[in-house]
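Structure file target12.csv (CSV, C-alpha atoms and all ligand atoms) is printed below.
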chain,number,residue,atom,x,y,z
W,1,MET,CA,0.0,0.0,0.0
W,2,SER,CA,1.2,3.5,-0.7
W,3,SER,CA,2.7,5.4,2.2
W,4,ILE,CA,2.2,8.9,0.6
W,5,SER,CA,-0.9,10.3,-1.0
W,6,HIS,CA,-1.0,11.7,-4.4
W,7,GLN,CA,-1.2,15.4,-4.9
W,8,TYR,CA,-4.4,16.4,-6.7
W,9,HIS,CA,-3.3,19.5,-8.6
W,10,PRO,CA,-6.1,22.0,-9.1
W,11,LEU,CA,-4.9,22.4,-12.7
W,12,GLY,CA,-5.0,18.8,-13.6
W,13,PHE,CA,-1.7,17.1,-13.3
W,14,GLN,CA,-1.7,14.4,-10.7
W,15,GLY,CA,1.7,13.3,-9.4
W,16,SER,CA,3.1,11.9,-6.1
W,17,ARG,CA,4.1,14.4,-3.4
W,18,ILE,CA,7.6,13.1,-3.7
W,19,ALA,CA,9.1,12.4,-7.1
W,20,GLN,CA,12.2,10.5,-8.1
W,21,GLY,CA,14.7,12.1,-10.4
W,22,PHE,CA,16.9,10.3,-12.9
W,23,TRP,CA,19.6,12.9,-13.5
W,24,ARG,CA,22.2,10.8,-11.8
W,25,ALA,CA,21.0,7.4,-13.0
W,26,ASP,CA,24.1,6.8,-15.1
W,27,GLU,CA,26.1,6.9,-11.9
W,28,TRP,CA,24.0,4.3,-10.1
W,29,GLY,CA,25.6,1.3,-11.7
W,30,LEU,CA,22.4,-0.7,-11.9
W,31,SER,CA,21.5,-3.4,-14.5
W,32,LYS,CA,18.2,-2.9,-16.3
W,33,GLN,CA,16.6,-5.6,-14.1
W,34,GLU,CA,17.8,-3.7,-11.0
W,35,ARG,CA,16.5,-0.4,-12.5
W,36,LEU,CA,13.1,-2.0,-12.9
W,37,ALA,CA,13.2,-3.3,-9.3
W,38,PHE,CA,14.2,0.3,-8.2
W,39,ILE,CA,11.2,1.8,-10.1
W,40,GLU,CA,8.9,-0.8,-8.6
W,41,ASN,CA,10.2,-0.2,-5.1
W,42,CYS,CA,9.6,3.5,-5.6
W,43,MET,CA,6.0,2.7,-6.7
W,44,SER,CA,5.5,0.6,-3.6
W,45,LEU,CA,6.5,3.5,-1.5
W,46,GLY,CA,3.9,5.7,-3.3
W,47,VAL,CA,6.5,7.5,-5.4
W,48,THR,CA,5.0,7.2,-8.8
W,49,THR,CA,6.4,10.4,-10.5
W,50,PHE,CA,9.7,10.1,-12.3
W,51,ASP,CA,11.6,13.2,-13.5
W,52,HIS,CA,13.8,13.2,-16.6
W,53,ALA,CA,15.4,15.5,-19.1
W,54,ASP,CA,16.7,14.8,-22.6
W,55,ILE,CA,20.2,15.9,-21.5
W,56,TYR,CA,20.6,13.9,-18.3
W,57,GLY,CA,23.7,11.7,-18.3
W,58,ASP,CA,24.9,13.3,-21.6
W,59,TYR,CA,21.6,12.2,-23.3
W,60,GLN,CA,21.8,8.7,-21.8
W,61,CYS,CA,19.6,8.6,-18.7
W,62,GLU,CA,16.2,8.5,-20.4
W,63,ALA,CA,17.2,5.3,-22.2
W,64,LEU,CA,18.2,3.7,-18.9
W,65,PHE,CA,14.7,4.3,-17.7
W,66,GLY,CA,13.1,3.2,-21.0
W,67,GLU,CA,15.1,-0.1,-21.0
W,68,ALA,CA,13.8,-0.9,-17.6
W,69,LEU,CA,10.2,0.0,-18.5
W,70,ALA,CA,10.4,-2.3,-21.6
W,71,LEU,CA,10.8,-5.2,-19.2
W,72,LYS,CA,7.4,-4.5,-17.8
W,73,PRO,CA,5.3,-2.2,-19.9
W,74,ALA,CA,2.2,-2.7,-17.8
W,75,ILE,CA,3.6,-0.3,-15.1
W,76,ARG,CA,3.5,2.7,-17.5
W,77,GLU,CA,-0.1,3.5,-16.8
W,78,LYS,CA,0.6,3.5,-13.0
W,79,ILE,CA,3.3,6.1,-13.1
W,80,GLN,CA,3.8,9.7,-14.3
W,81,VAL,CA,6.7,10.4,-16.5
W,82,ILE,CA,8.1,14.0,-16.7
W,83,SER,CA,10.8,15.1,-19.2
W,84,LYS,CA,12.3,18.4,-20.2
W,85,CYS,CA,13.7,20.0,-23.3
W,86,GLY,CA,15.3,23.3,-24.3
W,87,ILE,CA,19.0,22.9,-23.4
W,88,LYS,CA,21.5,21.9,-26.1
W,89,LEU,CA,24.7,20.4,-24.7
W,90,GLU,CA,27.9,20.2,-26.5
W,91,SER,CA,28.2,16.5,-26.7
W,92,GLY,CA,29.5,13.6,-28.7
W,93,ALA,CA,25.9,12.4,-28.7
W,94,ARG,CA,24.9,15.7,-30.5
W,95,PRO,CA,27.8,16.6,-32.8
W,96,GLU,CA,25.6,19.1,-34.6
W,97,HIS,CA,25.5,21.4,-31.5
W,98,SER,CA,28.0,24.2,-31.9
W,99,MET,CA,28.0,25.3,-28.2
W,100,TYR,CA,26.0,25.0,-25.0
W,101,GLN,CA,22.9,27.0,-25.6
W,102,TYR,CA,19.1,27.1,-25.1
W,103,ASP,CA,16.6,26.4,-27.9
W,104,LEU,CA,12.8,26.8,-27.4
W,105,SER,CA,12.0,26.8,-31.1
W,106,PHE,CA,9.0,24.8,-32.5
W,107,ASP,CA,11.4,22.5,-34.4
W,108,HIS,CA,13.6,21.8,-31.4
W,109,ILE,CA,10.8,21.2,-29.0
W,110,ILE,CA,9.1,18.7,-31.3
W,111,ALA,CA,12.3,16.9,-32.3
W,112,SER,CA,13.3,16.7,-28.6
W,113,ILE,CA,10.0,15.2,-27.4
W,114,GLU,CA,9.9,12.7,-30.3
W,115,ASN,CA,13.3,11.5,-29.2
W,116,SER,CA,12.5,11.5,-25.5
W,117,LEU,CA,9.5,9.3,-26.2
W,118,LEU,CA,11.6,6.8,-28.1
W,119,GLN,CA,14.3,6.8,-25.3
W,120,LEU,CA,11.8,6.5,-22.5
W,121,ASN,CA,9.9,3.8,-24.3
W,122,THR,CA,6.5,5.5,-23.9
W,123,ASP,CA,3.9,6.9,-26.2
W,124,TYR,CA,3.3,10.0,-24.1
W,125,LEU,CA,4.7,12.2,-21.4
W,126,ASP,CA,2.5,13.1,-18.4
W,127,LEU,CA,4.3,16.4,-18.1
W,128,LEU,CA,6.7,18.3,-20.3
W,129,LEU,CA,8.8,21.1,-18.8
W,130,LEU,CA,10.8,23.8,-20.6
W,131,HIS,CA,14.1,23.3,-18.9
W,132,ARG,CA,15.4,26.9,-18.7
W,133,PRO,CA,14.0,30.3,-19.8
W,134,THR,CA,15.8,32.2,-22.5
W,135,PRO,CA,15.6,35.7,-23.8
W,136,LEU,CA,15.1,34.2,-27.2
W,137,MET,CA,11.9,32.4,-26.2
W,138,ASP,CA,9.0,33.3,-28.6
W,139,PRO,CA,6.0,32.4,-26.5
W,140,ASP,CA,3.7,32.1,-29.6
W,141,GLU,CA,6.1,29.5,-31.1
W,142,VAL,CA,6.1,27.6,-27.8
W,143,ALA,CA,2.3,27.7,-27.7
W,144,ARG,CA,2.2,26.2,-31.2
W,145,ALA,CA,4.6,23.4,-30.2
W,146,PHE,CA,2.5,22.7,-27.1
W,147,GLU,CA,-0.7,22.6,-29.0
W,148,HIS,CA,0.8,20.3,-31.6
W,149,LEU,CA,2.1,17.8,-28.9
W,150,MET,CA,-1.3,18.0,-27.1
W,151,ILE,CA,-3.3,17.3,-30.2
W,152,GLN,CA,-1.1,14.3,-31.1
W,153,GLY,CA,-1.6,12.9,-27.6
W,154,LYS,CA,2.2,13.0,-27.0
W,155,VAL,CA,2.1,15.3,-23.9
W,156,LYS,CA,-0.7,15.5,-21.4
W,157,HIS,CA,0.4,18.5,-19.3
W,158,PHE,CA,2.9,21.3,-19.6
W,159,GLY,CA,5.0,23.4,-17.3
W,160,VAL,CA,8.4,25.1,-16.9
W,161,SER,CA,11.5,25.0,-14.9
W,162,ASN,CA,13.7,27.8,-13.5
W,163,PHE,CA,11.3,30.5,-14.7
W,164,THR,CA,10.8,33.8,-12.9
W,165,PRO,CA,7.2,35.0,-12.4
W,166,SER,CA,7.3,37.4,-15.3
W,167,GLN,CA,8.7,34.7,-17.7
W,168,PHE,CA,6.0,32.4,-16.5
W,169,ASP,CA,3.3,35.0,-17.0
W,170,LEU,CA,4.6,35.8,-20.5
W,171,LEU,CA,4.4,32.2,-21.6
W,172,GLN,CA,1.0,31.6,-19.9
W,173,SER,CA,-0.4,34.7,-21.7
W,174,ARG,CA,0.1,32.9,-25.0
W,175,VAL,CA,-0.4,29.2,-24.1
W,176,GLU,CA,-4.0,28.0,-23.9
W,177,VAL,CA,-3.4,25.1,-21.5
W,178,PRO,CA,-2.5,25.9,-17.9
W,179,LEU,CA,1.1,25.6,-17.0
W,180,VAL,CA,0.9,23.3,-14.0
W,181,VAL,CA,4.4,23.2,-12.6
W,182,ASN,CA,7.5,25.3,-12.1
W,183,GLN,CA,10.5,23.2,-11.1
W,184,SER,CA,13.2,25.2,-9.4
W,185,GLU,CA,15.9,24.8,-6.7
W,186,TYR,CA,14.4,25.0,-3.2
W,187,SER,CA,16.0,23.6,-0.1
W,188,VAL,CA,17.2,24.5,3.4
W,189,LEU,CA,20.2,26.0,1.7
W,190,GLU,CA,18.5,27.7,-1.3
W,191,THR,CA,15.7,29.9,0.1
W,192,SER,CA,15.8,32.9,-2.3
W,193,SER,CA,12.4,31.9,-3.9
W,194,PHE,CA,10.8,32.1,-0.5
W,195,ILE,CA,11.2,35.9,-0.5
W,196,ASN,CA,11.7,37.0,-4.1
W,197,GLY,CA,8.0,36.5,-5.0
W,198,GLU,CA,8.5,33.2,-7.0
W,199,LEU,CA,6.7,31.0,-4.5
W,200,ASP,CA,4.0,33.6,-3.8
W,201,HIS,CA,3.3,33.8,-7.5
W,202,LEU,CA,3.0,30.0,-7.9
W,203,GLN,CA,0.6,29.9,-4.9
W,204,GLN,CA,-1.4,32.7,-6.4
W,205,HIS,CA,-1.9,30.8,-9.6
W,206,ALA,CA,-2.3,27.3,-8.0
W,207,VAL,CA,0.9,26.1,-9.8
W,208,THR,CA,2.8,23.3,-8.2
W,209,PRO,CA,6.4,24.1,-7.2
W,210,MET,CA,8.7,21.0,-7.7
W,211,ALA,CA,12.0,21.3,-5.9
W,212,TRP,CA,15.1,20.1,-7.6
W,213,SER,CA,18.1,19.3,-5.4
W,214,PRO,CA,15.9,19.3,-2.3
W,215,LEU,CA,18.9,18.1,-0.3
W,216,ALA,CA,21.1,20.6,-2.0
W,217,GLY,CA,22.5,17.9,-4.2
W,218,GLY,CA,24.2,16.2,-1.2
W,219,ARG,CA,26.0,19.4,-0.1
W,220,LEU,CA,23.9,19.4,3.1
W,221,PHE,CA,25.8,16.3,4.3
W,222,VAL,CA,29.4,17.1,3.3
W,223,ALA,CA,30.0,20.8,2.8
W,224,GLN,CA,31.8,22.7,5.5
W,225,ASP,CA,30.9,26.4,4.8
W,226,GLY,CA,29.3,28.6,7.4
W,227,GLN,CA,25.7,28.3,6.1
W,228,VAL,CA,25.8,24.5,5.9
W,229,ASN,CA,27.4,24.2,9.3
W,230,ARG,CA,24.7,26.5,10.9
W,231,VAL,CA,21.8,24.6,9.2
W,232,ARG,CA,23.2,21.2,10.0
W,233,SER,CA,23.7,22.2,13.6
W,234,GLU,CA,20.1,23.4,14.0
W,235,LEU,CA,18.7,20.3,12.2
W,236,THR,CA,20.8,18.0,14.4
W,237,LYS,CA,19.4,19.7,17.6
W,238,LEU,CA,15.9,18.9,16.4
W,239,SER,CA,16.4,15.2,15.9
W,240,ASP,CA,15.4,14.0,19.4
W,241,LYS,CA,12.3,16.1,19.4
W,242,TYR,CA,11.1,14.4,16.2
W,243,SER,CA,11.7,10.8,17.1
W,244,ALA,CA,15.4,10.6,16.1
W,245,ALA,CA,14.6,12.0,12.6
W,246,SER,CA,17.7,12.1,10.3
W,247,LEU,CA,19.2,15.2,8.8
W,248,ASP,CA,17.6,14.5,5.4
W,249,GLN,CA,14.2,13.9,6.9
W,250,LEU,CA,14.2,17.1,8.8
W,251,ALA,CA,15.5,19.1,5.8
W,252,LEU,CA,12.6,17.6,3.7
W,253,ALA,CA,10.0,18.2,6.5
W,254,TRP,CA,11.2,21.8,6.5
W,255,LEU,CA,10.5,22.1,2.8
W,256,LEU,CA,7.2,20.2,3.0
W,257,LYS,CA,5.8,22.7,5.6
W,258,HIS,CA,5.7,25.5,3.1
W,259,PRO,CA,2.0,26.2,2.2
W,260,ALA,CA,2.8,26.3,-1.5
W,261,LYS,CA,3.0,22.4,-1.2
W,262,ILE,CA,6.4,22.0,-2.7
W,263,CYS,CA,7.0,18.5,-4.2
W,264,PRO,CA,10.6,17.5,-3.7
W,265,VAL,CA,12.4,15.6,-6.6
W,266,LEU,CA,14.9,13.3,-4.9
W,267,GLY,CA,18.1,12.3,-6.7
W,268,SER,CA,19.6,9.3,-4.9
W,269,GLY,CA,19.4,5.9,-6.5
W,270,LYS,CA,19.4,4.2,-3.0
W,271,ILE,CA,15.9,3.0,-2.1
W,272,GLU,CA,16.7,3.3,1.6
W,273,ARG,CA,17.2,7.1,1.2
W,274,LEU,CA,13.8,7.3,-0.6
W,275,LYS,CA,12.1,5.4,2.3
W,276,GLN,CA,13.5,8.0,4.7
W,277,ALA,CA,12.2,10.8,2.4
W,278,VAL,CA,8.7,9.2,2.3
W,279,ALA,CA,8.7,8.9,6.1
W,280,ALA,CA,9.6,12.6,6.3
W,281,CYS,CA,6.1,13.4,5.0
W,282,GLN,CA,4.8,12.4,8.5
W,283,ILE,CA,7.0,14.9,10.3
W,284,HIS,CA,5.2,18.1,11.1
W,285,LEU,CA,7.7,20.8,12.2
W,286,ALA,CA,6.6,23.3,14.8
W,287,ASP,CA,6.7,26.9,13.6
W,288,ASP,CA,9.5,27.8,16.0
W,289,ASP,CA,11.6,25.0,14.7
W,290,TRP,CA,11.0,26.0,11.1
W,291,TYR,CA,12.1,29.6,12.0
W,292,ARG,CA,15.3,28.3,13.7
W,293,VAL,CA,16.4,26.6,10.5
W,294,TRP,CA,15.3,29.6,8.4
W,295,CYS,CA,17.4,32.0,10.5
W,296,ALA,CA,20.3,29.7,10.4
W,297,SER,CA,20.2,29.4,6.7
W,298,ARG,CA,19.9,33.1,6.1
W,299,ASN,CA,22.3,34.0,8.9
W,300,GLN,CA,19.9,36.6,10.4
W,301,ALA,CA,17.3,36.9,13.0
W,302,LEU,CA,13.7,37.7,12.1
W,303,ALA,CA,13.2,41.4,11.7
E,401,LIG,N1,15.0,21.3,-13.5
E,401,LIG,C1,16.3,21.5,-13.2
E,401,LIG,O1,17.0,22.4,-13.7
E,401,LIG,C2,17.0,20.4,-12.4
E,401,LIG,C3,18.3,20.6,-12.0
E,401,LIG,C4,18.9,19.6,-11.2
E,401,LIG,C5,18.2,18.5,-10.9
E,401,LIG,N2,16.9,18.3,-11.3
E,401,LIG,C6,16.1,17.1,-11.0
E,401,LIG,O2,16.2,17.0,-9.5
E,401,LIG,C7,16.5,15.7,-9.2
E,401,LIG,C8,17.2,15.7,-7.9
E,401,LIG,O3,18.4,16.5,-7.9
E,401,LIG,P1,19.6,16.0,-7.0
E,401,LIG,O4,20.1,14.7,-7.4
E,401,LIG,O5,20.6,17.1,-6.9
E,401,LIG,O6,18.8,15.9,-5.6
E,401,LIG,P2,19.3,15.7,-4.1
E,401,LIG,O7,18.4,14.6,-3.6
E,401,LIG,O8,19.3,17.0,-3.4
E,401,LIG,O9,20.8,15.2,-4.1
E,401,LIG,C9,21.1,13.9,-4.4
E,401,LIG,C10,22.6,13.7,-3.9
E,401,LIG,O10,22.6,13.8,-2.5
E,401,LIG,C11,23.2,12.6,-1.9
E,401,LIG,N3,22.5,12.2,-0.7
E,401,LIG,C12,21.1,12.1,-0.5
E,401,LIG,N4,20.8,11.7,0.7
E,401,LIG,C13,22.0,11.6,1.4
E,401,LIG,C14,22.4,11.3,2.7
E,401,LIG,N5,21.5,11.0,3.6
E,401,LIG,N6,23.7,11.3,3.0
E,401,LIG,C15,24.7,11.6,2.1
E,401,LIG,N7,24.4,12.0,0.8
E,401,LIG,C16,23.1,12.0,0.4
E,401,LIG,C17,23.0,11.6,-3.0
E,401,LIG,O11,24.1,10.6,-2.8
E,401,LIG,P3,23.8,9.0,-3.0
E,401,LIG,O12,23.7,8.9,-4.5
E,401,LIG,O13,25.0,8.4,-2.4
E,401,LIG,O14,22.5,8.7,-2.3
E,401,LIG,C18,23.1,12.3,-4.3
E,401,LIG,O15,24.5,12.5,-4.6
E,401,LIG,C19,17.4,15.2,-10.4
E,401,LIG,O16,17.5,13.8,-10.5
E,401,LIG,C20,16.6,15.8,-11.5
E,401,LIG,O17,15.6,15.0,-11.9
E,401,LIG,C21,16.3,19.3,-12.1

Whole structure given in structure tokens:
Amino acid sequence: MSSISHQYHPLGFQGSRIAQGFWRADEWGLSKQERLAFIENCMSLGVTTFDHADIYGDYQCEALFGEALALKPAIREKIQVISKCGIKLESGARPEHSMYQYDLSFDHIIASIENSLLQLNTDYLDLLLLHRPTPLMDPDEVARAFEHLMIQGKVKHFGVSNFTPSQFDLLQSRVEVPLVVNQSEYSVLETSSFINGELDHLQQHAVTPMAWSPLAGGRLFVAQDGQVNRVRSELTKLSDKYSAASLDQLALAWLLKHPAKICPVLGSGKIERLKQAVAACQIHLADDDWYRVWCASRNQALA
């Protein structure tokens, strides 16, 4: 039985409160049978949303997922697959790319999604995100690409990643379907969106914030700078009060408390870590404990 509930987004996309990312999947060293077992273990924890991008693992990670899915195609309808497009890496896998750059043209979006579907071994994406904003984005052209993908049944929902509120509004003003997600970096160590209006804006428009690197990409556990030391120290002090909760659980509980209902995208390939993360959904931090971590992260007392 699932240990976390699904999030019913007012705008239509339904994913699990915690998602599993595949950015680092090429470092996990798993065989395709082990990758399938990992996906099924995620599902049994209630983590049914899987996050990808065309570029992950130098264009290799989507295929790692697709190979595993091919072993058991019946699981496709029980999960939600997200992918992203819009970044062009300089890569041996893409010799035609002249430099690292962004491309949100109609042709690039369509070609990228066609390829992602092939790699992921699926007929459709549950959610497509534009990976990064660019000053060259023509919102009418993006709208045309989204409409094309929607009509063809290749993408069910659309969203963005790393967009500011004004970039989001500009695109939404031209795209007919609602943009349901903005995926950005939020964590105990990256709190700027909490005060720069980005999270307010998403809440205002009932858009789901998905958090990439919700554990600061592992920096929380190993880095030694002042901010990390202060935050780690505050979190460690809270452990006893919350039934010996671990550092990662408390860092996630801190994120989950925000009323915008942030959905963390975890990046470890170790199922034990994901179990810890799912259990963190049951930890409800008291307001004073939340503020202690906030002040430690920002290195200032409340005004
Ligand atoms: N939209 C975007 O622009 C964007 C950017 C970056 C990432 N993403 C998405 O976000 C997902 C998550 O990003 P992320 O991988 O940076 O997330 P993360 O979960 O913050 O970091 C994962 C890293 O933290 C380490 N870690 C986790 N728990 C640990 C613990 N208890 N002790 C020590 N180390 C620990 C992991 O090591 P182990 O492997 O040893 O567990 C792994 O190296 C990606 O897979 C991708 O889908 C999106």

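Here atom CA of Asp126 of chain W is placed at a distance of 10.7 Å from atom CA of Gly159 of chain W.
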
Closest to Lys78 of chain W among W:Glu40, W:Glu90, W:Asp288, W:Asp26, using all atoms listed in the file?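 Selected residue with least distance to Lys78 of chain W: W:Glu40.
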
With only C-alpha atoms as the counted atoms, please give the residues lying no more than 10 Å from Gly86 of chain W, apart from itself and same-chain residues fewer than 2 positions off, as a list in words. Ala53, Asp54, Ile55, Lys84, Lys88, Leu89, Gln101, Tyr102, Asp103, Leu104, Ser105, His108, Ile109, Ser112, Leu129, Leu130, His131, Arg132, Pro133, Thr134 and Met137 of chain W

Using C-alpha atoms, can you export the residues from the last selection as a compact mmCIF listing (two decimals), in the coordinates of the input?
# COMPACT_ATOMS: atom_id res chain seq x y z
CA ALA W 53 15.40 15.50 -19.10
CA ASP W 54 16.70 14.80 -22.60
CA ILE W 55 20.20 15.90 -21.50
CA LYS W 84 12.30 18.40 -20.20
CA LYS W 88 21.50 21.90 -26.10
CA LEU W 89 24.70 20.40 -24.70
CA GLN W 101 22.90 27.00 -25.60
CA TYR W 102 19.10 27.10 -25.10
CA ASP W 103 16.60 26.40 -27.90
CA LEU W 104 12.80 26.80 -27.40
CA SER W 105 12.00 26.80 -31.10
CA HIS W 108 13.60 21.80 -31.40
CA ILE W 109 10.80 21.20 -29.00
CA SER W 112 13.30 16.70 -28.60
CA LEU W 129 8.80 21.10 -18.80
CA LEU W 130 10.80 23.80 -20.60
CA HIS W 131 14.10 23.30 -18.90
CA ARG W 132 15.40 26.90 -18.70
CA PRO W 133 14.00 30.30 -19.80
CA THR W 134 15.80 32.20 -22.50
CA MET W 137 11.90 32.40 -26.20

Neighbours of Gly21 of chain W within 6 Å (only C-alpha atoms; same-chain residues fewer than 3 positions away dropped), as a ChimeraX atom specification? /W:50-51,265-267

Pull C-alpha atoms from the residues just selected and write them as a PDB file, keeping the file's coordinate frame.
ATOM      1  CA  PHE W  50       9.700  10.100 -12.300  1.00  0.00           C
ATOM      2  CA  ASP W  51      11.600  13.200 -13.500  1.00  0.00           C
ATOM      3  CA  VAL W 265      12.400  15.600  -6.600  1.00  0.00           C
ATOM      4  CA  LEU W 266      14.900  13.300  -4.900  1.00  0.00           C
ATOM      5  CA  GLY W 267      18.100  12.300  -6.700  1.00  0.00           C
TER       6      GLY W 267
END

If we count only C-alpha atoms, what is near Leu179 of chain W at a cut-off of 10 Å, once residues fewer than 5 positions away on the same chain are taken out, given as a VMD selection string? chain W and resid 11 to 13 127 to 129 157 to 160 168 to 169 171 to 172 205 to 208

Nearest to ligand LIG 401 (chain E): which of W:Ser193, W:Gln249, W:Ser16, W:Thr48 is it, counting all atoms listed in the file?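 Of the candidates, the smallest distance to ligand LIG 401 (chain E) is held by W:Gln249.
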
Sorted by chain and rising residue number, list the residues of chain W at most 9 Å from ligand LIG 401 (chain E) (counting all atoms listed in the file), each with its closest atom pair and distance in Å to one decimal, as a Markdown table.
| residue | atom | partner | partner_atom | distance |
| --- | --- | --- | --- | --- |
| W:Ala19 | CA | E:LIG401 | C7 | 8.4 |
| W:Gln20 | CA | E:LIG401 | O16 | 6.7 |
| W:Gly21 | CA | E:LIG401 | O16 | 3.3 |
| W:Phe22 | CA | E:LIG401 | O16 | 4.3 |
| W:Trp23 | CA | E:LIG401 | O16 | 3.8 |
| W:Arg24 | CA | E:LIG401 | O16 | 5.7 |
| W:Ala25 | CA | E:LIG401 | O16 | 7.7 |
| W:Glu27 | CA | E:LIG401 | O12 | 8.0 |
| W:Trp28 | CA | E:LIG401 | O12 | 7.3 |
| W:Phe50 | CA | E:LIG401 | O17 | 7.7 |
| W:Asp51 | CA | E:LIG401 | O17 | 4.7 |
| W:His52 | CA | E:LIG401 | O17 | 5.3 |
| W:Ala53 | CA | E:LIG401 | O17 | 7.2 |
| W:Tyr56 | CA | E:LIG401 | C20 | 8.1 |
| W:Ile82 | CA | E:LIG401 | O17 | 9.0 |
| W:Ser83 | CA | E:LIG401 | O17 | 8.7 |
| W:Lys84 | CA | E:LIG401 | N1 | 7.8 |
| W:Leu129 | CA | E:LIG401 | N1 | 8.2 |
| W:Leu130 | CA | E:LIG401 | N1 | 8.6 |
| W:His131 | CA | E:LIG401 | N1 | 5.8 |
| W:Arg132 | CA | E:LIG401 | O1 | 6.9 |
| W:Val160 | CA | E:LIG401 | N1 | 8.3 |
| W:Ser161 | CA | E:LIG401 | N1 | 5.3 |
| W:Asn162 | CA | E:LIG401 | O1 | 6.3 |
| W:Asn182 | CA | E:LIG401 | N1 | 8.6 |
| W:Gln183 | CA | E:LIG401 | N1 | 5.4 |
| W:Ser184 | CA | E:LIG401 | N1 | 5.9 |
| W:Glu185 | CA | E:LIG401 | C3 | 7.2 |
| W:Ser187 | CA | E:LIG401 | O8 | 8.1 |
| W:Met210 | CA | E:LIG401 | N1 | 8.6 |
| W:Ala211 | CA | E:LIG401 | O2 | 7.0 |
| W:Trp212 | CA | E:LIG401 | O2 | 3.8 |
| W:Ser213 | CA | E:LIG401 | O8 | 3.3 |
| W:Pro214 | CA | E:LIG401 | O8 | 4.2 |
| W:Leu215 | CA | E:LIG401 | O8 | 3.3 |
| W:Ala216 | CA | E:LIG401 | O8 | 4.3 |
| W:Gly217 | CA | E:LIG401 | O9 | 3.2 |
| W:Gly218 | CA | E:LIG401 | O10 | 3.2 |
| W:Arg219 | CA | E:LIG401 | O10 | 7.0 |
| W:Leu220 | CA | E:LIG401 | N7 | 7.8 |
| W:Phe221 | CA | E:LIG401 | C15 | 5.3 |
| W:Val222 | CA | E:LIG401 | C15 | 7.3 |
| W:Ser246 | CA | E:LIG401 | N5 | 7.8 |
| W:Leu247 | CA | E:LIG401 | N5 | 7.1 |
| W:Asp248 | CA | E:LIG401 | N5 | 5.5 |
| W:Gln249 | CA | E:LIG401 | N5 | 8.5 |
| W:Pro264 | CA | E:LIG401 | C8 | 8.0 |
| W:Val265 | CA | E:LIG401 | C7 | 4.9 |
| W:Leu266 | CA | E:LIG401 | O7 | 4.0 |
| W:Gly267 | CA | E:LIG401 | O4 | 3.2 |
| W:Ser268 | CA | E:LIG401 | O14 | 3.9 |
| W:Gly269 | CA | E:LIG401 | O12 | 5.6 |
| W:Lys270 | CA | E:LIG401 | O14 | 5.5 |
| W:Ile271 | CA | E:LIG401 | O14 | 8.7 |
| W:Glu272 | CA | E:LIG401 | O14 | 8.8 |
| W:Arg273 | CA | E:LIG401 | N4 | 5.9 |
| W:Leu274 | CA | E:LIG401 | N4 | 8.4 |
| W:Gln276 | CA | E:LIG401 | N5 | 8.6 |
| W:Ala277 | CA | E:LIG401 | N4 | 8.8 |

Go ahead and compute the interatomic distance for atom CA of Ala70 of chain W and atom CA of Leu125 of chain W, in Å to one decimal.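 Going from atom CA of Ala70 of chain W over to atom CA of Leu125 of chain W covers 15.6 Å.
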
Point-to-point distance in Å for atom CA of Glu147 of chain W and atom CA of Thr164 of chain W: 22.7 Å

Using all atoms listed in the file, which protein or nucleic acid residues come within 10 Å of Pro259 of chain W? Drop anything in the same chain fewer than 2 positions from it, and give the result as a PyMOL selection string. chain W and resi 199-200+203+255-257+261-262

Polymer residues at most 8 Å from (8.0, 23.0, -33.6) by only C-alpha atoms, as a VMD selection string: chain W and resid 105 to 111 141 to 142 144 to 145 148

With C-alpha atoms kept, could you save the residues just selected as a compact mmCIF listing (two decimals), in the frame of the given file?
# COMPACT_ATOMS: atom_id res chain seq x y z
CA SER W 105 12.00 26.80 -31.10
CA PHE W 106 9.00 24.80 -32.50
CA ASP W 107 11.40 22.50 -34.40
CA HIS W 108 13.60 21.80 -31.40
CA ILE W 109 10.80 21.20 -29.00
CA ILE W 110 9.10 18.70 -31.30
CA ALA W 111 12.30 16.90 -32.30
CA GLU W 141 6.10 29.50 -31.10
CA VAL W 142 6.10 27.60 -27.80
CA ARG W 144 2.20 26.20 -31.20
CA ALA W 145 4.60 23.40 -30.20
CA HIS W 148 0.80 20.30 -31.60

Nearby residues (only C-alpha atoms) at most 7 Å from segment 296-303 of chain W, same-chain spacing under 3 positions excluded, as a list in words: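 Using only C-alpha atoms, the neighbours found are Val188, Leu189, Gln227, Arg230, Val231, Arg292 and Val293 of chain W.
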
Around the point (12.2, 22.4, 10.7) in the file's coordinates, collect all residues with an atom within 8 Å, using all atoms listed in the file, and return them as a tab-separated table (two decimals) with C-alpha atoms, in the frame of the given file.
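Full text of selection33.tsv as output:
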chain	number	residue	atom	x	y	z
W	235	LEU	CA	18.70	20.30	12.20
W	238	LEU	CA	15.90	18.90	16.40
W	250	LEU	CA	14.20	17.10	8.80
W	251	ALA	CA	15.50	19.10	5.80
W	253	ALA	CA	10.00	18.20	6.50
W	254	TRP	CA	11.20	21.80	6.50
W	285	LEU	CA	7.70	20.80	12.20
W	286	ALA	CA	6.60	23.30	14.80
W	287	ASP	CA	6.70	26.90	13.60
W	289	ASP	CA	11.60	25.00	14.70
W	290	TRP	CA	11.00	26.00	11.10
W	291	TYR	CA	12.10	29.60	12.00
W	292	ARG	CA	15.30	28.30	13.70
W	293	VAL	CA	16.40	26.60	10.50

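Of the listed residues W:Thr49, W:Gln60, W:Asn41, W:Ser98, the one whose atoms come nearest to Glu77 of chain W is W:Thr49, with distances taken using only C-alpha atoms.
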
Measuring atom to atom with only C-alpha atoms, identify which of W:Asn115, W:Thr122, W:Ser44, W:Thr191 is nearest to Pro73 of chain W. W:Thr122

In terms of the shortest atom-to-atom distance over all atoms listed in the file, which of W:Ile75, W:Leu252, W:Leu36, W:Val180 is closest to Gln14 of chain W? W:Val180
